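One file, work06.pdb, is given below (PDB, C-alpha atoms, pLDDT in the B column).
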```pdb
ATOM      1  CA  MET A 207      97.390 133.025 177.604  1.00 50.00           C
ATOM      2  CA  SER A 208      98.528 131.036 174.551  1.00 51.00           C
ATOM      3  CA  THR A 209      99.802 132.635 171.389  1.00 54.00           C
ATOM      4  CA  LEU A 210      98.609 131.383 168.016  1.00 53.00           C
ATOM      5  CA  ARG A 211     101.399 131.371 165.452  1.00 56.00           C
ATOM      6  CA  VAL A 212     100.786 130.979 161.748  1.00 51.00           C
ATOM      7  CA  GLU A 213     103.724 130.221 159.534  1.00 53.00           C
ATOM      8  CA  TYR A 214     103.584 131.105 155.862  1.00 49.00           C
ATOM      9  CA  HIS A 215     106.164 129.664 153.544  1.00 53.00           C
ATOM     10  CA  GLY A 216     106.156 131.908 150.528  1.00 51.00           C
ATOM     11  CA  PRO A 217     108.677 133.421 148.180  1.00 52.00           C
ATOM     12  CA  GLN A 218     109.439 136.300 150.556  1.00 51.00           C
ATOM     13  CA  SER A 219     109.861 134.176 153.649  1.00 48.00           C
ATOM     14  CA  GLY A 220     112.372 131.839 152.071  1.00 50.00           C
ATOM     15  CA  GLY A 221     109.903 128.990 151.718  1.00 50.00           C
ATOM     16  CA  THR A 222     109.736 126.791 148.759  1.00 52.00           C
ATOM     17  CA  ALA A 223     106.936 127.569 146.330  1.00 51.00           C
ATOM     18  CA  VAL A 224     104.872 124.571 145.354  1.00 52.00           C
ATOM     19  CA  LYS A 225     104.400 124.153 141.601  1.00 54.00           C
ATOM     20  CA  ARG A 226     100.878 123.411 140.550  1.00 58.00           C
ATOM     21  CA  ARG A 227     100.729 120.386 138.274  1.00 60.00           C
ATOM     22  CA  ARG A 228      98.720 120.730 135.089  1.00 57.00           C
ATOM     23  CA  PRO A 229      95.778 118.371 134.804  1.00 57.00           C
ATOM     24  CA  GLU A 230      96.615 115.171 132.961  1.00 55.00           C
ATOM     25  CA  GLY A 231      93.926 115.765 130.365  1.00 52.00           C
ATOM     26  CA  SER A 232      95.238 119.181 129.361  1.00 52.00           C
ATOM     27  CA  ARG A 233      98.676 117.700 128.635  1.00 54.00           C
ATOM     28  CA  ARG A 234      97.262 114.955 126.443  1.00 56.00           C
ATOM     29  CA  ARG A 235      94.935 117.207 124.474  1.00 60.00           C
ATOM     30  CA  PRO A 236      97.635 118.768 122.196  1.00 63.00           C
ATOM     31  CA  ARG A 237      98.933 115.301 121.412  1.00 66.00           C
ATOM     32  CA  ARG A 238      95.495 113.995 120.537  1.00 78.00           C
ATOM     33  CA  LEU A 239      94.638 116.872 118.189  1.00 77.00           C
ATOM     34  CA  PRO A 240      96.750 115.727 115.183  1.00 80.00           C
ATOM     35  CA  LEU A 241      95.414 112.197 115.553  1.00 82.00           C
ATOM     36  CA  ARG A 242      91.856 113.481 115.705  1.00 83.00           C
ATOM     37  CA  LEU A 243      92.398 115.621 112.596  1.00 84.00           C
ATOM     38  CA  LEU A 244      93.867 112.610 110.791  1.00 85.00           C
ATOM     39  CA  ARG A 245      90.841 110.486 111.688  1.00 87.00           C
ATOM     40  CA  TRP A 246      88.475 113.166 110.419  1.00 87.00           C
ATOM     41  CA  ALA A 247      90.465 113.505 107.183  1.00 89.00           C
ATOM     42  CA  VAL A 248      90.393 109.741 106.586  1.00 89.00           C
ATOM     43  CA  LEU A 249      86.665 109.636 107.331  1.00 88.00           C
ATOM     44  CA  ALA A 250      86.017 112.500 104.906  1.00 89.00           C
ATOM     45  CA  VAL A 251      87.931 110.716 102.132  1.00 91.00           C
ATOM     46  CA  VAL A 252      86.050 107.461 102.744  1.00 93.00           C
ATOM     47  CA  LEU A 253      82.674 109.211 102.780  1.00 92.00           C
ATOM     48  CA  ALA A 254      83.566 110.934  99.497  1.00 93.00           C
ATOM     49  CA  ILE A 255      84.681 107.704  97.789  1.00 95.00           C
ATOM     50  CA  VAL A 256      81.776 105.476  98.855  1.00 96.00           C
ATOM     51  CA  PRO A 257      79.125 107.188  96.639  1.00 96.00           C
ATOM     52  CA  PHE A 258      81.336 106.846  93.541  1.00 96.00           C
ATOM     53  CA  PHE A 259      82.028 103.202  94.350  1.00 97.00           C
ATOM     54  CA  LEU A 260      78.339 102.466  94.886  1.00 97.00           C
ATOM     55  CA  LEU A 261      77.351 104.286  91.703  1.00 97.00           C
ATOM     56  CA  ILE A 262      79.857 102.588  89.381  1.00 97.00           C
ATOM     57  CA  ARG A 263      80.595  99.242  91.016  1.00 97.00           C
ATOM     58  CA  GLY A 264      76.927  98.818  91.860  1.00 97.00           C
ATOM     59  CA  GLY A 265      75.991  99.461  88.243  1.00 97.00           C
ATOM     60  CA  VAL A 266      78.565  96.970  86.969  1.00 97.00           C
ATOM     61  CA  PHE A 267      77.262  94.371  89.442  1.00 97.00           C
ATOM     62  CA  ALA A 268      73.658  94.912  88.346  1.00 97.00           C
ATOM     63  CA  TYR A 269      74.700  94.655  84.697  1.00 97.00           C
ATOM     64  CA  GLN A 270      76.849  91.535  84.988  1.00 95.00           C
ATOM     65  CA  GLN A 271      75.171  89.610  87.815  1.00 94.00           C
ATOM     66  CA  TRP A 272      71.514  90.573  87.494  1.00 95.00           C
ATOM     67  CA  GLY A 273      71.518  90.751  83.707  1.00 93.00           C
ATOM     68  CA  LEU A 274      69.949  94.217  83.580  1.00 95.00           C
ATOM     69  CA  GLY A 275      70.454  96.341  80.491  1.00 95.00           C
ATOM     70  CA  PRO A 276      73.044  99.152  80.421  1.00 96.00           C
ATOM     71  CA  TRP A 277      70.579 101.935  81.195  1.00 97.00           C
ATOM     72  CA  ALA A 278      68.596  99.901  83.728  1.00 97.00           C
ATOM     73  CA  SER A 279      71.801  99.023  85.590  1.00 97.00           C
ATOM     74  CA  LEU A 280      72.792 102.671  85.644  1.00 97.00           C
ATOM     75  CA  ALA A 281      69.335 103.693  86.889  1.00 97.00           C
ATOM     76  CA  VAL A 282      69.484 101.204  89.770  1.00 97.00           C
ATOM     77  CA  SER A 283      72.932 102.301  90.941  1.00 97.00           C
ATOM     78  CA  ALA A 284      72.071 105.991  90.497  1.00 97.00           C
ATOM     79  CA  ALA A 285      68.946 105.567  92.652  1.00 96.00           C
ATOM     80  CA  ALA A 286      70.971 103.804  95.366  1.00 97.00           C
ATOM     81  CA  THR A 287      73.613 106.535  95.272  1.00 96.00           C
ATOM     82  CA  ALA A 288      70.977 109.262  95.485  1.00 95.00           C
ATOM     83  CA  LEU A 289      69.528 107.597  98.590  1.00 96.00           C
ATOM     84  CA  LEU A 290      72.999 107.416 100.129  1.00 96.00           C
ATOM     85  CA  LEU A 291      73.602 111.124  99.512  1.00 95.00           C
ATOM     86  CA  VAL A 292      70.177 111.904 100.966  1.00 94.00           C
ATOM     87  CA  PHE A 293      71.206 110.011 104.107  1.00 94.00           C
ATOM     88  CA  TYR A 294      74.479 111.969 104.200  1.00 93.00           C
ATOM     89  CA  ALA A 295      72.568 115.244 103.995  1.00 92.00           C
ATOM     90  CA  TRP A 296      70.049 114.160 106.636  1.00 91.00           C
ATOM     91  CA  ALA A 297      72.789 113.073 109.051  1.00 90.00           C
ATOM     92  CA  LEU A 298      74.706 116.319 108.497  1.00 88.00           C
ATOM     93  CA  GLY A 299      71.568 118.392 108.992  1.00 87.00           C
ATOM     94  CA  ARG A 300      70.770 116.578 112.223  1.00 83.00           C
ATOM     95  CA  ARG A 301      74.304 117.058 113.521  1.00 82.00           C
ATOM     96  CA  LEU A 302      74.153 120.766 112.741  1.00 83.00           C
ATOM     97  CA  GLY A 303      70.732 121.067 114.345  1.00 82.00           C
ATOM     98  CA  ALA A 304      69.121 122.250 111.108  1.00 80.00           C
ATOM     99  CA  GLY A 305      65.397 122.870 110.993  1.00 82.00           C
ATOM    100  CA  LYS A 306      62.940 120.909 108.890  1.00 81.00           C
ATOM    101  CA  GLY A 307      63.063 123.419 106.057  1.00 84.00           C
ATOM    102  CA  LEU A 308      66.842 123.285 105.775  1.00 84.00           C
ATOM    103  CA  LYS A 309      66.891 119.484 106.061  1.00 83.00           C
ATOM    104  CA  TRP A 310      64.310 119.283 103.259  1.00 87.00           C
ATOM    105  CA  LEU A 311      66.481 121.512 101.081  1.00 89.00           C
ATOM    106  CA  MET A 312      69.677 119.596 101.865  1.00 88.00           C
ATOM    107  CA  THR A 313      68.240 116.131 101.200  1.00 90.00           C
ATOM    108  CA  ARG A 314      66.620 117.075  97.909  1.00 92.00           C
ATOM    109  CA  GLY A 315      69.710 118.964  96.873  1.00 92.00           C
ATOM    110  CA  ALA A 316      71.785 115.825  97.505  1.00 92.00           C
ATOM    111  CA  ALA A 317      69.481 113.717  95.324  1.00 92.00           C
ATOM    112  CA  ALA A 318      69.592 116.330  92.568  1.00 94.00           C
ATOM    113  CA  LEU A 319      73.393 116.361  92.770  1.00 93.00           C
ATOM    114  CA  ALA A 320      73.545 112.598  92.124  1.00 93.00           C
ATOM    115  CA  VAL A 321      71.233 112.863  89.117  1.00 94.00           C
ATOM    116  CA  ALA A 322      73.126 115.859  87.706  1.00 95.00           C
ATOM    117  CA  TYR A 323      76.494 114.102  88.013  1.00 95.00           C
ATOM    118  CA  VAL A 324      75.252 110.978  86.243  1.00 96.00           C
ATOM    119  CA  ALA A 325      73.763 113.035  83.417  1.00 96.00           C
ATOM    120  CA  TYR A 326      76.973 115.041  83.070  1.00 95.00           C
ATOM    121  CA  SER A 327      79.180 111.932  83.070  1.00 95.00           C
ATOM    122  CA  VAL A 328      77.336 110.044  80.338  1.00 95.00           C
ATOM    123  CA  VAL A 329      77.056 113.062  78.045  1.00 95.00           C
ATOM    124  CA  TYR A 330      80.197 115.161  78.362  1.00 94.00           C
ATOM    125  CA  VAL A 331      83.948 114.685  78.224  1.00 95.00           C
ATOM    126  CA  GLY A 332      86.376 117.577  78.069  1.00 94.00           C
ATOM    127  CA  SER A 333      88.474 118.154  74.962  1.00 93.00           C
ATOM    128  CA  ALA A 334      91.613 118.077  77.139  1.00 95.00           C
ATOM    129  CA  ASN A 335      90.817 114.482  78.111  1.00 96.00           C
ATOM    130  CA  VAL A 336      90.530 113.008  74.612  1.00 96.00           C
ATOM    131  CA  LYS A 337      93.174 112.495  71.949  1.00 94.00           C
ATOM    132  CA  SER A 338      91.114 114.109  69.189  1.00 92.00           C
ATOM    133  CA  GLU A 339      87.668 115.430  68.340  1.00 93.00           C
ATOM    134  CA  GLU A 340      86.995 112.126  66.624  1.00 91.00           C
ATOM    135  CA  VAL A 341      87.464 110.292  69.911  1.00 92.00           C
ATOM    136  CA  ARG A 342      85.288 112.871  71.643  1.00 93.00           C
ATOM    137  CA  THR A 343      82.524 112.140  69.157  1.00 92.00           C
ATOM    138  CA  GLU A 344      82.918 108.411  69.816  1.00 92.00           C
ATOM    139  CA  TYR A 345      82.445 108.968  73.565  1.00 95.00           C
ATOM    140  CA  ALA A 346      78.655 108.740  73.205  1.00 93.00           C
ATOM    141  CA  ALA A 347      79.017 105.234  71.731  1.00 95.00           C
ATOM    142  CA  LEU A 348      80.689 103.877  74.870  1.00 97.00           C
ATOM    143  CA  HIS A 349      78.813 101.721  77.357  1.00 97.00           C
ATOM    144  CA  PRO A 350      77.145 104.092  79.904  1.00 97.00           C
ATOM    145  CA  LEU A 351      78.909 102.450  82.854  1.00 97.00           C
ATOM    146  CA  LEU A 352      82.253 102.788  81.088  1.00 97.00           C
ATOM    147  CA  ARG A 353      81.566 106.470  80.512  1.00 97.00           C
ATOM    148  CA  LEU A 354      80.656 106.860  84.160  1.00 97.00           C
ATOM    149  CA  ALA A 355      83.893 105.211  85.291  1.00 97.00           C
ATOM    150  CA  ALA A 356      86.013 107.225  82.845  1.00 97.00           C
ATOM    151  CA  SER A 357      84.428 110.443  84.110  1.00 96.00           C
ATOM    152  CA  ALA A 358      85.211 109.537  87.742  1.00 96.00           C
ATOM    153  CA  VAL A 359      88.826 108.714  86.895  1.00 96.00           C
ATOM    154  CA  ILE A 360      89.200 111.982  84.974  1.00 96.00           C
ATOM    155  CA  LEU A 361      87.740 113.833  87.961  1.00 95.00           C
ATOM    156  CA  ALA A 362      90.514 112.401  90.140  1.00 94.00           C
ATOM    157  CA  ASP A 363      93.226 112.564  87.457  1.00 95.00           C
ATOM    158  CA  GLN A 364      92.804 115.634  85.281  1.00 94.00           C
ATOM    159  CA  SER A 365      95.687 114.551  83.026  1.00 94.00           C
ATOM    160  CA  ALA A 366      93.974 111.300  81.934  1.00 96.00           C
ATOM    161  CA  VAL A 367      93.461 111.080  78.158  1.00 96.00           C
ATOM    162  CA  ILE A 368      91.217 108.689  76.209  1.00 96.00           C
ATOM    163  CA  THR A 369      93.051 107.749  73.035  1.00 93.00           C
ATOM    164  CA  ASP A 370      90.549 105.356  71.450  1.00 90.00           C
ATOM    165  CA  ALA A 371      86.934 104.327  71.895  1.00 90.00           C
ATOM    166  CA  SER A 372      84.825 103.085  68.992  1.00 85.00           C
ATOM    167  CA  ARG A 373      86.629 101.414  66.081  1.00 76.00           C
ATOM    168  CA  THR A 374      85.745  99.967  62.710  1.00 67.00           C
ATOM    169  CA  PRO A 375      87.524  97.410  60.500  1.00 60.00           C
ATOM    170  CA  ASP A 376      88.847 100.328  58.438  1.00 65.00           C
ATOM    171  CA  PHE A 377      90.703 101.610  61.496  1.00 64.00           C
ATOM    172  CA  TYR A 378      92.763  98.417  61.676  1.00 63.00           C
ATOM    173  CA  ARG A 379      93.407  98.433  57.929  1.00 61.00           C
ATOM    174  CA  ARG A 380      94.691 102.027  58.090  1.00 64.00           C
ATOM    175  CA  MET A 381      97.092 100.978  60.863  1.00 63.00           C
ATOM    176  CA  GLY A 382      98.308  98.023  58.790  1.00 60.00           C
ATOM    177  CA  LEU A 383      96.685  95.496  61.149  1.00 61.00           C
ATOM    178  CA  SER A 384      94.228  92.671  60.562  1.00 59.00           C
ATOM    179  CA  PRO A 385      90.718  93.530  61.834  1.00 59.00           C
ATOM    180  CA  ASN A 386      89.963  91.776  65.123  1.00 65.00           C
ATOM    181  CA  GLU A 387      86.314  90.778  64.850  1.00 65.00           C
ATOM    182  CA  SER A 388      86.113  90.018  68.575  1.00 73.00           C
ATOM    183  CA  SER A 389      87.372  93.462  69.561  1.00 83.00           C
ATOM    184  CA  LEU A 390      85.266  95.148  72.226  1.00 91.00           C
ATOM    185  CA  HIS A 391      85.998  98.430  70.463  1.00 89.00           C
ATOM    186  CA  PHE A 392      83.324  97.335  67.960  1.00 89.00           C
ATOM    187  CA  ARG A 393      79.655  97.896  68.773  1.00 90.00           C
ATOM    188  CA  GLN A 394      78.318  94.925  70.710  1.00 91.00           C
ATOM    189  CA  ASP A 395      74.860  93.334  70.711  1.00 90.00           C
ATOM    190  CA  ASP A 396      73.488  95.951  73.116  1.00 91.00           C
ATOM    191  CA  GLY A 397      74.500  98.734  70.711  1.00 91.00           C
ATOM    192  CA  PHE A 398      77.410 100.068  72.765  1.00 95.00           C
ATOM    193  CA  VAL A 399      81.189  99.911  72.540  1.00 95.00           C
ATOM    194  CA  HIS A 400      82.574  98.019  75.537  1.00 96.00           C
ATOM    195  CA  ALA A 401      86.198  99.218  75.563  1.00 95.00           C
ATOM    196  CA  LEU A 402      88.352 102.326  75.600  1.00 95.00           C
ATOM    197  CA  ASP A 403      92.086 103.010  75.627  1.00 94.00           C
ATOM    198  CA  LEU A 404      93.892 105.423  77.936  1.00 96.00           C
ATOM    199  CA  ARG A 405      97.242 107.088  77.324  1.00 94.00           C
ATOM    200  CA  THR A 406     100.163 105.826  79.407  1.00 94.00           C
ATOM    201  CA  VAL A 407     103.108 107.350  77.506  1.00 91.00           C
ATOM    202  CA  GLY A 408     104.602 110.452  79.108  1.00 90.00           C
ATOM    203  CA  ARG A 409     102.886 109.852  82.451  1.00 93.00           C
ATOM    204  CA  PRO A 410     104.387 108.747  85.785  1.00 94.00           C
ATOM    205  CA  GLU A 411     104.178 104.989  86.127  1.00 93.00           C
ATOM    206  CA  TRP A 412     102.644 105.225  89.605  1.00 95.00           C
ATOM    207  CA  ARG A 413      99.789 107.234  88.137  1.00 96.00           C
ATOM    208  CA  ASN A 414      99.208 104.721  85.343  1.00 95.00           C
ATOM    209  CA  ARG A 415      99.182 101.948  87.917  1.00 95.00           C
ATOM    210  CA  ALA A 416      96.748 103.846  90.154  1.00 96.00           C
ATOM    211  CA  VAL A 417      94.339 104.334  87.241  1.00 97.00           C
ATOM    212  CA  GLU A 418      94.553 100.648  86.347  1.00 96.00           C
ATOM    213  CA  LEU A 419      93.858  99.547  89.923  1.00 97.00           C
ATOM    214  CA  THR A 420      90.943 101.972  90.157  1.00 97.00           C
ATOM    215  CA  PHE A 421      89.238 100.505  87.100  1.00 98.00           C
ATOM    216  CA  ARG A 422      89.796  96.995  88.430  1.00 97.00           C
ATOM    217  CA  ALA A 423      88.301  97.924  91.807  1.00 96.00           C
ATOM    218  CA  LEU A 424      85.253  99.278  89.993  1.00 97.00           C
ATOM    219  CA  GLY A 425      84.695  95.931  88.247  1.00 96.00           C
ATOM    220  CA  PHE A 426      86.254  96.526  84.824  1.00 97.00           C
ATOM    221  CA  ASN A 427      88.799  94.437  82.956  1.00 96.00           C
ATOM    222  CA  THR A 428      92.155  96.077  82.251  1.00 96.00           C
ATOM    223  CA  LEU A 429      95.062  95.141  80.009  1.00 93.00           C
ATOM    224  CA  ARG A 430      98.306  97.034  79.628  1.00 90.00           C
ATOM    225  CA  HIS A 431      99.691  96.212  76.210  1.00 78.00           C
ATOM    226  CA  VAL A 432     101.462  97.598  73.184  1.00 68.00           C
ATOM    227  CA  GLY A 433      99.495  97.703  69.955  1.00 57.00           C
ATOM    228  CA  THR A 434     100.067 100.837  67.961  1.00 61.00           C
ATOM    229  CA  ALA A 435     101.507 102.365  71.141  1.00 76.00           C
ATOM    230  CA  ASP A 436     101.761 101.629  74.845  1.00 88.00           C
ATOM    231  CA  HIS A 437      98.323 102.160  76.405  1.00 92.00           C
ATOM    232  CA  LEU A 438      95.868 100.881  78.994  1.00 95.00           C
ATOM    233  CA  HIS A 439      92.921  98.937  77.587  1.00 94.00           C
ATOM    234  CA  VAL A 440      89.763  99.041  79.747  1.00 97.00           C
ATOM    235  CA  SER A 441      86.632  97.010  79.024  1.00 96.00           C
ATOM    236  CA  VAL A 442      83.347  95.987  80.583  1.00 96.00           C
ATOM    237  CA  ARG A 443      82.360  92.320  80.418  1.00 91.00           C
ATOM    238  CA  SER A 444      78.918  91.411  79.098  1.00 88.00           C
ATOM    239  CA  PRO A 445      76.507  89.435  81.327  1.00 88.00           C
ATOM    240  CA  GLY A 446      76.817  85.664  81.376  1.00 70.00           C
TER
END
```

Exercise: express the given structure as structure tokens:
Amino acid sequence: MSTLRVEYHGPQSGGTAVKRRRPEGSRRRPRRLPLRLLRWAVLAVVLAIVPFFLLIRGGVFAYQQWGLGPWASLAVSAAATALLLVFYAWALGRRLGAGKGLKWLMTRGAAALAVAYVAYSVVYVGSANVKSEEVRTEYAALHPLLRLAASAVILADQSAVITDASRTPDFYRRMGLSPNESSLHFRQDDGFVHALDLRTVGRPEWRNRAVELTFRALGFNTLRHVGTADHLHVSVRSPG
């Protein structure tokens, strides 16, 4: 008769325990998490910026290249931005598995948000973002697209201050300067002022530079110069 012998190499028998190797995927997952979070953060920033860019840069393009009036250009870009936000809401609702009722609410809410922001931007500017109440009163005389851009910049940079908007020949005389008849601070043929000045004194230079580059990216002309004081001059070019 044969004897069956089973050997067990375990901790108690002096055998060597075999270490179980972790799956390759589980080791890589912690390393991938920060990269994934970074990608999502970058995507969120891009998705947030695109509507503002479409709204303002699109309006400037329609005004300068298509020759539409100030309000017509703003209406075109606002409609395009509203459609983009509706698409955002629809895509988000689909990803979340929302029902038809919730999708309907989200898409119409997105369109209403675009309209409300445009209306707010062209009408209101906070007292903390203007040099004086006189400048705040002049805000309504600015070109609508310039108001829209100024509002977006103020939203990103709460310390931004508009120092000048509409001017008259008397303004230059009071400052001891000769009136510049070609100044875009005067009302133009379309009835709007096409320039504003932003404060640069007492602010970090990197922030001044960021504001200047933002206005340029949105299609506006900028000029950093010293007149009565160091400031950033921003203007919108007329069609043609």

List, as a compact mmCIF listing (two decimals) with C-alpha atoms, in the coordinates of the input, every residue that the PyMOL selection byres ((chain A and resi 416-433) around 10) selects in the file provided.
```
# COMPACT_ATOMS: atom_id res chain seq x y z
CA PHE A 258 81.34 106.85 93.54
CA PHE A 259 82.03 103.20 94.35
CA LEU A 260 78.34 102.47 94.89
CA LEU A 261 77.35 104.29 91.70
CA ILE A 262 79.86 102.59 89.38
CA ARG A 263 80.60 99.24 91.02
CA GLY A 264 76.93 98.82 91.86
CA GLY A 265 75.99 99.46 88.24
CA VAL A 266 78.56 96.97 86.97
CA PHE A 267 77.26 94.37 89.44
CA GLN A 270 76.85 91.54 84.99
CA LEU A 351 78.91 102.45 82.85
CA LEU A 352 82.25 102.79 81.09
CA ALA A 355 83.89 105.21 85.29
CA ALA A 356 86.01 107.22 82.84
CA ALA A 358 85.21 109.54 87.74
CA VAL A 359 88.83 108.71 86.90
CA ILE A 360 89.20 111.98 84.97
CA ALA A 362 90.51 112.40 90.14
CA ASP A 363 93.23 112.56 87.46
CA ALA A 366 93.97 111.30 81.93
CA MET A 381 97.09 100.98 60.86
CA LEU A 383 96.68 95.50 61.15
CA ALA A 401 86.20 99.22 75.56
CA LEU A 402 88.35 102.33 75.60
CA ASP A 403 92.09 103.01 75.63
CA LEU A 404 93.89 105.42 77.94
CA THR A 406 100.16 105.83 79.41
CA GLU A 411 104.18 104.99 86.13
CA TRP A 412 102.64 105.22 89.60
CA ARG A 413 99.79 107.23 88.14
CA ASN A 414 99.21 104.72 85.34
CA ARG A 415 99.18 101.95 87.92
CA THR A 434 100.07 100.84 67.96
CA ALA A 435 101.51 102.36 71.14
CA ASP A 436 101.76 101.63 74.84
CA HIS A 437 98.32 102.16 76.40
CA LEU A 438 95.87 100.88 78.99
CA HIS A 439 92.92 98.94 77.59
CA VAL A 440 89.76 99.04 79.75
CA SER A 441 86.63 97.01 79.02
CA VAL A 442 83.35 95.99 80.58
CA ARG A 443 82.36 92.32 80.42
```

Env of region 290-301 of chain A: 12 Å cut, atoms = all atoms listed in the file, seq-sep filter 2 positions within chain, self excluded. Answer as a PyMOL selection string. chain A and resi 250+253-261+283-288+303-321

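Note that CA of Val367 (chain A) and CA of Lys337 (chain A) are 6.4 Å apart.
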
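Each of A:Tyr269, A:Ser365, A:Pro350, A:Ser327 was checked against Pro410 (chain A) using all atoms listed in the file; the smallest atom-to-atom distance is that of A:Ser365.
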
Target residues per the PyMOL selection byres ((chain A and resi 346) around 12), formatted as a PDB file with C-alpha atoms, in the coordinates of the input:
```pdb
ATOM      1  CA  TYR A 326      76.973 115.041  83.070  1.00 95.00           C
ATOM      2  CA  SER A 327      79.180 111.932  83.070  1.00 95.00           C
ATOM      3  CA  VAL A 328      77.336 110.044  80.338  1.00 95.00           C
ATOM      4  CA  VAL A 329      77.056 113.062  78.045  1.00 95.00           C
ATOM      5  CA  TYR A 330      80.197 115.161  78.362  1.00 94.00           C
ATOM      6  CA  VAL A 331      83.948 114.685  78.224  1.00 95.00           C
ATOM      7  CA  GLU A 340      86.995 112.126  66.624  1.00 91.00           C
ATOM      8  CA  VAL A 341      87.464 110.292  69.911  1.00 92.00           C
ATOM      9  CA  ARG A 342      85.288 112.871  71.643  1.00 93.00           C
ATOM     10  CA  THR A 343      82.524 112.140  69.157  1.00 92.00           C
ATOM     11  CA  GLU A 344      82.918 108.411  69.816  1.00 92.00           C
ATOM     12  CA  TYR A 345      82.445 108.968  73.565  1.00 95.00           C
ATOM     13  CA  ALA A 347      79.017 105.234  71.731  1.00 95.00           C
ATOM     14  CA  LEU A 348      80.689 103.877  74.870  1.00 97.00           C
ATOM     15  CA  HIS A 349      78.813 101.721  77.357  1.00 97.00           C
ATOM     16  CA  PRO A 350      77.145 104.092  79.904  1.00 97.00           C
ATOM     17  CA  LEU A 351      78.909 102.450  82.854  1.00 97.00           C
ATOM     18  CA  LEU A 352      82.253 102.788  81.088  1.00 97.00           C
ATOM     19  CA  ARG A 353      81.566 106.470  80.512  1.00 97.00           C
ATOM     20  CA  LEU A 354      80.656 106.860  84.160  1.00 97.00           C
ATOM     21  CA  ALA A 371      86.934 104.327  71.895  1.00 90.00           C
ATOM     22  CA  SER A 372      84.825 103.085  68.992  1.00 85.00           C
ATOM     23  CA  ARG A 393      79.655  97.896  68.773  1.00 90.00           C
ATOM     24  CA  GLY A 397      74.500  98.734  70.711  1.00 91.00           C
ATOM     25  CA  PHE A 398      77.410 100.068  72.765  1.00 95.00           C
ATOM     26  CA  VAL A 399      81.189  99.911  72.540  1.00 95.00           C
ATOM     27  CA  HIS A 400      82.574  98.019  75.537  1.00 96.00           C
ATOM     28  CA  LEU A 402      88.352 102.326  75.600  1.00 95.00           C
TER      29      LEU A 402
END
```

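Selection result for the displayed file, with the PyMOL selection byres ((chain A and resi 445) around 6) as criterion, is A:Gln270, A:Gly273, A:Ser444, A:Gly446.
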
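The space separating CA of Gln364 (chain A) from CA of Glu339 (chain A) comes to 17.7 Å.
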
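Between CA of Arg373 (chain A) and CA of Ser389 (chain A) the separation is 8.7 Å.
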